[in-house]
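Here's the structure we're looking at; comments come further down.
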Amino acid sequence: MTTLPVVQKILSANDAIAAENRAALDAAGALGVNVMASPGAGKTSLILATTQRLPAGLRLAVIEGDVAGSIDADTMAAAGIPVVQINTGGGCHLDAPMVRSALPHLLPAGVDLLLIENVGNLICTAEFALGAHVNLVVGSTPEGHDKPYKYPGMFAAADVVVLNKADVAAVFDFDLDAFQRGVRMVNPQAPIFVLSCRTGEGLEAWVDWLVAACHAEGRRSIPV
Amino acid sequence: MHRRCMGRCCLVEPRNDFMHELPVTQAILDTALSAAQQAGAARIVAIDLVIGELSGLVDDSVQFYFDILSQGTLAQGAALRFQRQPARARCLTCGHSYDAAPPLAPFCPACGSVHLQVTGGRQFQLESIEIDDHPTGSAEDSER
Ligand SMILES: Nc1nc2c(ncn2[C@@H]2O[C@H](COP(=O)(O)OP(=O)(O)OP(=O)(O)O)[C@@H](O)[C@H]2O)c(=O)[nH]1
Ligand SMILES: [Mg+2]
Ligand SMILES: [Zn+2]
């Protein structure tokens, strides 16, 4: 009997394809954003509200990840947004190979910002890197302020956090301080945007941040 | 499939990974098998994994899938040994340091402060495999 050291990240095969996706995004000058949240937190609503406020000329595309169906992709297409629907056939997360298969449908036409709506799930989506530049975790007030304490792995993986449905915070006894402290406990740096896709409150600051991130990324991908 | 389409298109990737433990288990098995084959092992007896407490992986579920996926491979019957790595919490008020696991307590157990910092706990790694080098498996038949 021999003990053989291996020491390898379990999902290194996925990570390798995620790195390819990142290179494809960089070559296209596109900023990739992995949008993660519980079911119903408002991922689709946030993408739609965001597109309505993007500066003219910024080319957006969307990948919709869902267990089944194309409800969210139909919504995007109806809004005139280039979209690819990925059905995971029951799988609880998108992975890098799925995103890789979608990129050739979108990038060749020119994309500055690619929003990837992951499957609604706060447990494992962050473990499967997609190659996006930004991990966005969306919380919402009806879920309660304890989510960062219960799903710390997700919030630790976030580069930016949005708290949606601020309009109904009072109805759900939502304690914003507790939520923010929970995020800070595992993630000292990620900016937290409190907003409402319903009323539009707080959306401007979020969109400004996103557009700035886009420009920073675009510049990085221009050969010096 | 790779027609150019800026309007709308649908990719179906039907895969039976209903829970994330299934693709994770497949990745563990693939990595262990390729390491064992390179070493010319007759069979894999055990697999050591280091999993952070913040990673949301259910041990029993991984072992369940593993027993199915590993059938007919060198890893059939291998034991998965999980070494859980706790996250470390530190109180920014009193400096007290302790192990943490979800759900994270919102207060410092020493002074009650709500200003806490949690680090680590996100490991997701295959550390080593224990292999049997004798083709007949004559030696020890340890673990399960
Ligand atoms: N009150 C309120 N409702 C909202 C807000 N944003 C979204 N909703 C509602 O929340 C519900 C879910 O929104 P979606 O955008 O579909 O959520 P999702 O995260 O994309 O959901 P899945 O893709 O199914 O996981 C819808 O009924 C929205 O109208 C908000 O800011 N305030
Ligand atoms: Mg949606
Ligand atoms: Zn303390």
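Residue numbering restarts at 1 for every chain of the structure tokens, chains are lettered A, B, ... in their displayed order, and ligands are numbered from 1 as they appear.
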
Around ligand 1, which protein and nucleic acid residues have at least one atom no more than 10 Å from it, if we count only C-alpha atoms and all ligand atoms? List them as a ChimeraX atom specification.
/A:35-49,64-67,71-73,75,117-121,138-142,163-169,194-201,203

Neighbours of Arg81 in chain B within 9 Å (only C-alpha atoms; same-chain residues fewer than 3 positions away dropped), as a PDB file with N, CA and C atoms, in the first residue's frame?
```pdb
ATOM      1  N   ALA B  46      -8.039   4.261  -1.157  1.00  0.00           N
ATOM      2  CA  ALA B  46      -8.656   5.412  -0.487  1.00  0.00           C
ATOM      3  C   ALA B  46      -8.258   6.705  -1.188  1.00  0.00           C
ATOM      4  N   ILE B  47      -9.103   7.696  -1.027  1.00  0.00           N
ATOM      5  CA  ILE B  47      -8.846   9.015  -1.626  1.00  0.00           C
ATOM      6  C   ILE B  47      -8.995  10.065  -0.524  1.00  0.00           C
ATOM      7  N   ASP B  48      -7.957  10.875  -0.359  1.00  0.00           N
ATOM      8  CA  ASP B  48      -8.000  11.906   0.674  1.00  0.00           C
ATOM      9  C   ASP B  48      -8.334  13.260   0.078  1.00  0.00           C
ATOM     10  N   LEU B  49      -9.371  13.877   0.636  1.00  0.00           N
ATOM     11  CA  LEU B  49      -9.850  15.154   0.123  1.00  0.00           C
ATOM     12  C   LEU B  49      -9.796  16.204   1.226  1.00  0.00           C
ATOM     13  N   VAL B  50      -9.453  17.411   0.843  1.00  0.00           N
ATOM     14  CA  VAL B  50      -9.499  18.518   1.792  1.00  0.00           C
ATOM     15  C   VAL B  50     -10.592  19.473   1.321  1.00  0.00           C
TER      16      VAL B  50
END
```

Which is closer to chain B than all the others in A:Leu115, A:Ala96, A:Leu106, A:Ala216, using only C-alpha atoms?
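For chain B, the nearest of the given residues is A:Leu106.
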
For Glu127 in chain B, please output as a PyMOL selection string all residues within 12 Å (counting only C-alpha atoms; exclusion window: fewer than 6 positions along the same chain).
(chain A and resi 3-10) or (chain B and resi 28+31-32+35+46-51+80-83)

Using only C-alpha atoms and all ligand atoms, which residues have at least one atom no more than 9 Å from ligand 3? Output them as a ChimeraX atom specification.
/B:90-97,107-116

Looking at A:Ala129, A:Val83, A:Val134, A:Ala190, which one is nearest to chain B, with distances taken over only C-alpha atoms?
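Comparing A:Ala129, A:Val83, A:Val134, A:Ala190 against chain B, the winner is A:Val83.
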
Residues of chain A within 7 Å of chain B, counting only C-alpha atoms - could you list those as a ChimeraX atom specification?
/A:1-11,77,82-92,104-106,109,123-124,149-153,185-186
